[in-house]
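**Student:** Contents of upload39.tsv (TSV, C-alpha atoms) are below:
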```tsv
chain	number	residue	atom	x	y	z
G	1	MET	CA	-1.27	-14.37	-40.45
G	2	GLU	CA	-1.59	-10.72	-39.46
G	3	PRO	CA	-3.00	-9.76	-36.06
G	4	ASN	CA	-6.56	-8.52	-36.03
G	5	PRO	CA	-6.40	-4.85	-34.89
G	6	ARG	CA	-9.91	-5.08	-33.48
G	7	ARG	CA	-8.94	-8.05	-31.33
G	8	SER	CA	-5.71	-6.37	-30.21
G	9	GLY	CA	-7.65	-3.27	-29.13
G	10	ARG	CA	-10.06	-5.38	-27.10
G	11	GLN	CA	-7.19	-7.22	-25.50
G	12	LEU	CA	-5.56	-3.93	-24.55
G	13	VAL	CA	-8.81	-2.64	-23.02
G	14	ALA	CA	-9.28	-5.98	-21.22
G	15	PHE	CA	-5.75	-5.69	-19.83
G	16	GLY	CA	-6.59	-2.16	-18.61
G	17	PHE	CA	-9.71	-3.47	-16.88
G	18	ILE	CA	-7.84	-6.26	-15.10
G	19	TRP	CA	-4.99	-3.90	-14.12
G	20	LEU	CA	-7.40	-1.32	-12.68
G	21	SER	CA	-9.38	-3.96	-10.81
G	22	VAL	CA	-6.22	-5.41	-9.22
G	23	MET	CA	-5.11	-1.91	-8.15
G	24	LEU	CA	-8.57	-1.24	-6.70
G	25	MET	CA	-8.51	-4.55	-4.81
G	26	ILE	CA	-5.15	-3.58	-3.28
G	27	LEU	CA	-6.66	-0.23	-2.27
G	28	VAL	CA	-9.71	-2.03	-0.82
G	29	ALA	CA	-7.49	-4.29	1.28
G	30	TRP	CA	-5.44	-1.35	2.57
G	31	LEU	CA	-8.53	0.74	3.44
G	32	ALA	CA	-10.23	-2.20	5.19
G	33	MET	CA	-7.10	-3.05	7.19
G	34	THR	CA	-6.62	0.60	8.19
G	35	GLN	CA	-10.22	0.89	9.41
G	36	ALA	CA	-10.11	-2.47	11.21
G	37	SER	CA	-6.85	-1.44	12.88
G	38	ARG	CA	-8.48	1.77	14.13
G	39	LEU	CA	-11.48	-0.12	15.44
G	40	LEU	CA	-9.23	-2.56	17.28
G	41	ARG	CA	-6.49	-0.23	18.57
G	42	TRP	CA	-8.04	3.17	19.08
G	43	SER	CA	-10.11	4.06	22.14
G	44	GLN	CA	-13.87	4.43	21.86
G	45	VAL	CA	-15.62	7.23	23.72
G	46	ASP	CA	-18.86	9.17	23.70
G	47	ALA	CA	-18.48	12.59	22.08
G	48	GLU	CA	-20.76	15.58	21.95
G	49	VAL	CA	-21.03	17.44	18.65
G	50	GLN	CA	-20.24	21.10	19.24
G	51	ARG	CA	-20.95	22.21	15.68
G	52	SER	CA	-20.87	21.04	12.10
G	53	GLU	CA	-20.10	23.36	9.26
G	54	VAL	CA	-19.74	23.57	5.51
G	55	TYR	CA	-16.94	25.75	4.20
G	56	SER	CA	-15.80	26.84	0.77
G	57	ARG	CA	-12.59	27.86	-0.87
G	58	ILE	CA	-11.59	29.08	-4.31
G	59	GLN	CA	-9.52	26.58	-6.24
G	60	GLY	CA	-7.45	27.17	-9.35
G	61	SER	CA	-5.54	30.05	-10.80
G	62	GLY	CA	-5.85	32.48	-13.64
G	63	GLY	CA	-9.12	32.21	-15.54
G	64	ARG	CA	-10.00	28.73	-14.30
G	65	ARG	CA	-11.24	29.34	-10.79
G	66	SER	CA	-13.95	27.33	-9.11
G	67	THR	CA	-15.49	26.99	-5.69
G	68	VAL	CA	-15.04	23.73	-3.80
G	69	TRP	CA	-16.90	22.78	-0.66
G	70	GLY	CA	-15.81	20.87	2.40
G	71	ALA	CA	-17.36	19.96	5.74
G	72	ALA	CA	-16.07	19.59	9.27
G	73	VAL	CA	-17.45	18.57	12.65
G	74	THR	CA	-16.16	19.89	15.97
G	75	ILE	CA	-16.55	17.39	18.82
G	76	ARG	CA	-15.89	17.36	22.55
G	77	TYR	CA	-14.96	14.23	24.51
G	78	LEU	CA	-13.06	13.15	27.60
G	79	VAL	CA	-9.53	11.74	27.42
G	80	ASN	CA	-8.22	10.51	30.78
G	81	GLY	CA	-10.82	12.68	32.50
G	82	ARG	CA	-9.82	15.85	30.65
G	83	PRO	CA	-12.09	17.53	28.09
G	84	THR	CA	-10.71	17.44	24.57
G	85	VAL	CA	-12.05	19.40	21.61
G	86	THR	CA	-11.05	18.66	18.03
G	87	THR	CA	-12.36	19.21	14.53
G	88	VAL	CA	-12.76	16.28	12.16
G	89	ASP	CA	-12.71	17.21	8.49
G	90	ARG	CA	-14.78	15.27	5.93
G	91	GLY	CA	-11.57	14.24	4.20
G	92	PHE	CA	-12.34	15.52	0.73
G	93	GLU	CA	-13.83	18.50	-1.02
G	94	SER	CA	-16.49	18.61	-3.71
G	95	ALA	CA	-17.90	21.04	-6.23
G	96	MET	CA	-21.35	20.00	-4.96
G	97	ARG	CA	-22.28	21.98	-1.88
G	98	SER	CA	-25.38	19.79	-1.28
G	99	TRP	CA	-23.20	16.70	-0.64
G	100	MET	CA	-21.31	18.48	2.10
G	101	GLU	CA	-24.48	19.95	3.60
G	102	TYR	CA	-26.05	16.48	3.70
G	103	TRP	CA	-23.01	15.08	5.50
G	104	ALA	CA	-22.89	17.98	7.99
G	105	ARG	CA	-26.62	17.57	8.81
G	106	GLN	CA	-25.87	14.07	10.12
G	107	TYR	CA	-24.02	15.69	13.02
G	108	PRO	CA	-26.38	18.23	14.65
G	109	ALA	CA	-24.97	20.32	17.49
G	110	GLY	CA	-25.66	18.77	20.89
G	111	SER	CA	-25.98	15.21	19.57
G	112	HIS	CA	-23.83	12.41	20.96
G	113	ARG	CA	-21.82	9.89	18.94
G	114	LYS	CA	-19.50	7.01	19.65
G	115	ILE	CA	-16.16	8.04	18.17
G	116	LEU	CA	-12.66	6.63	18.09
G	117	PHE	CA	-9.55	8.56	19.07
G	118	ASN	CA	-5.90	7.68	18.85
G	119	PRO	CA	-4.59	7.17	22.42
G	120	GLY	CA	-1.13	8.32	21.32
G	121	GLU	CA	-2.52	11.47	19.68
G	122	PRO	CA	-5.90	12.26	21.34
G	123	LEU	CA	-6.76	15.05	18.87
G	124	ASP	CA	-6.75	12.47	16.05
G	125	ALA	CA	-10.37	11.28	15.98
G	126	ASP	CA	-12.61	9.22	13.71
G	127	LEU	CA	-16.38	9.76	13.62
G	128	ASN	CA	-17.02	6.11	12.63
G	129	GLY	CA	-16.62	4.67	16.09
G	130	GLU	CA	-18.46	1.37	15.73
G	131	TRP	CA	-18.30	-1.80	13.67
G	132	SER	CA	-20.83	-1.23	10.91
G	133	LEU	CA	-21.17	-1.23	7.15
G	134	ALA	CA	-20.77	2.56	7.29
G	135	SER	CA	-17.32	2.07	8.84
G	136	PHE	CA	-16.29	0.15	5.75
G	137	SER	CA	-18.25	2.09	3.11
G	138	SER	CA	-15.20	3.22	1.12
G	139	PRO	CA	-13.66	-0.26	0.82
G	140	VAL	CA	-17.04	-1.72	-0.12
G	141	GLU	CA	-17.59	0.93	-2.80
G	142	PHE	CA	-14.14	0.38	-4.30
G	143	ALA	CA	-14.67	-3.40	-4.20
G	144	LEU	CA	-17.90	-3.02	-6.17
G	145	VAL	CA	-16.10	-0.97	-8.82
G	146	ALA	CA	-13.36	-3.63	-9.00
G	147	VAL	CA	-15.98	-6.36	-9.45
G	148	LEU	CA	-17.58	-4.36	-12.28
G	149	LEU	CA	-14.18	-3.97	-13.94
G	150	LEU	CA	-13.55	-7.73	-13.64
G	151	TRP	CA	-16.96	-8.39	-15.16
G	152	GLY	CA	-16.10	-6.04	-18.04
G	153	TRP	CA	-12.73	-7.76	-18.46
G	154	ARG	CA	-14.43	-11.14	-18.68
G	155	ARG	CA	-16.91	-9.89	-21.30
G	156	LEU	CA	-14.12	-8.33	-23.36
G	157	ARG	CA	-12.05	-11.52	-23.10
G	158	ARG	CA	-14.97	-13.58	-24.38
G	159	ALA	CA	-15.59	-11.12	-27.21
G	160	ALA	CA	-11.88	-11.16	-28.16
G	161	SER	CA	-11.71	-14.97	-28.21
G	162	SER	CA	-14.84	-15.29	-30.33
G	163	SER	CA	-13.58	-12.93	-33.06
```
Show the structure stored in the file as structure tokens.
**Tutor:**
Amino acid sequence: MEPNPRRSGRQLVAFGFIWLSVMLMILVAWLAMTQASRLLRWSQVDAEVQRSEVYSRIQGSGGRRSTVWGAAVTIRYLVNGRPTVTTVDRGFESAMRSWMEYWARQYPAGSHRKILFNPGEPLDADLNGEWSLASFSSPVEFALVAVLLLWGWRRLRRAASSS
């Protein structure tokens, strides 16, 4: 009996779904543990936003050049009674300027935020200084994608077994 190429293709796609979902779950666990570790080990302090800005840079070479946008927030806070000023970058760049502008508007100059800073390296700061869903937004988003991939794997598995 020869293998059904249609079934083999579905099985291969199903394997890809399960593999991607497992990799995403590993990433979710690592991101969640990293954030929880910061929340437990880093110091929390009130910080004043000095400024928030959106910046651009040209990416690429030759004929394929494009503009990418990033955002950063400069904050001021006290570490052992001494004023400390650092800039926290958004962490990624995007071709969509509006995304970065939206993020930067959440940090108006003069506003105060609870932030975390690394006691061993006080210039290393995190703007998500409290336990909240926002603190874990990246792991939650990746977990949702992994669940969707597992759902797709299950549907493909059922379809492969019925054919």
**Student:** For a quick check of understanding, using only C-alpha atoms, which of G:Ile115, G:Ala32, G:Leu156, G:Ala143 has the smallest distance to Gly9 of chain G?
**Tutor:** G:Leu156
**Student:** What is the atom CA of Ala95 of chain G-atom CA of Val68 of chain G distance in Å, reported with one decimal?
**Tutor:**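 Atom-to-atom, atom CA of Ala95 of chain G to atom CA of Val68 of chain G, that is 4.6 Å.
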**Student:** Here is a test: counting all atoms listed in the file, which residue of G:Ser94, G:Ala125, G:Arg158, G:Leu116 is nearest to Ser66 of chain G?
**Tutor:**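 Of all the options, G:Ser94 lies closest to Ser66 of chain G.
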**Student:** One number please: atom CA of Ser52 of chain G to atom CA of Phe142 of chain G, in Å, one decimal.
**Tutor:**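 Rounded to one decimal, the two atoms are 27.2 Å apart.
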**Student:** Rank nothing, just name the residue among G:Thr67, G:Ser61, G:Gln50, G:Ser43 nearest to Asp124 of chain G, using all atoms listed in the file.
**Tutor:**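 Closest to Asp124 of chain G, using all atoms listed in the file: G:Ser43.
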**Student:** Measuring between only C-alpha atoms, which one of G:Arg154, G:Ala29, G:Gly70, G:Glu93 shows the shortest distance to Phe15 of chain G?
**Tutor:** G:Arg154
**Student:** Kindly indicate which residue among G:Val73, G:Val88, G:Ile18, G:Met33 lies nearest to Ser111 of chain G, using all atoms listed in the file for the distances.
**Tutor:**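 For Ser111 of chain G, the nearest of the given residues is G:Val73.
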**Student:** Using only C-alpha atoms, find the one residue out of G:Val54, G:Pro139, G:Trp42, G:Trp151 that sits nearest to Pro122 of chain G.
**Tutor:** G:Trp42
**Student:** Find the distance between atom CA of Gly110 of chain G and atom CA of Phe92 of chain G and write it in Å to one decimal.
**Tutor:**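 Taking atom CA of Gly110 of chain G as the start and atom CA of Phe92 of chain G as the end point, the length is 24.4 Å.
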**Student:** Hey, what's within 12 Å of Lys114 of chain G if we count only C-alpha atoms and toss same-chain stuff fewer than 2 positions away? As an MDAnalysis selection string, please?
**Tutor:** chainID G and resid 39 43:49 75:78 107 111:112 116:117 125:131
**Student:** List as a compact mmCIF listing (two decimals) with C-alpha atoms, in the frame of the given file the protein and nucleic acid residues near Leu150 of chain G, meaning an atom at most 12 Å away when all atoms listed in the file are counted, but skip any in the same chain fewer than 6 places from it.
**Tutor:**
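The result, stored in selection.txt:
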```txt
# COMPACT_ATOMS: atom_id res chain seq x y z
CA VAL G 13 -8.81 -2.64 -23.02
CA ALA G 14 -9.28 -5.98 -21.22
CA PHE G 15 -5.75 -5.69 -19.83
CA GLY G 16 -6.59 -2.16 -18.61
CA PHE G 17 -9.71 -3.47 -16.88
CA ILE G 18 -7.84 -6.26 -15.10
CA TRP G 19 -4.99 -3.90 -14.12
CA LEU G 20 -7.40 -1.32 -12.68
CA SER G 21 -9.38 -3.96 -10.81
CA VAL G 22 -6.22 -5.41 -9.22
CA MET G 23 -5.11 -1.91 -8.15
CA LEU G 24 -8.57 -1.24 -6.70
CA MET G 25 -8.51 -4.55 -4.81
CA ALA G 143 -14.67 -3.40 -4.20
CA LEU G 144 -17.90 -3.02 -6.17
CA LEU G 156 -14.12 -8.33 -23.36
CA ARG G 157 -12.05 -11.52 -23.10
```
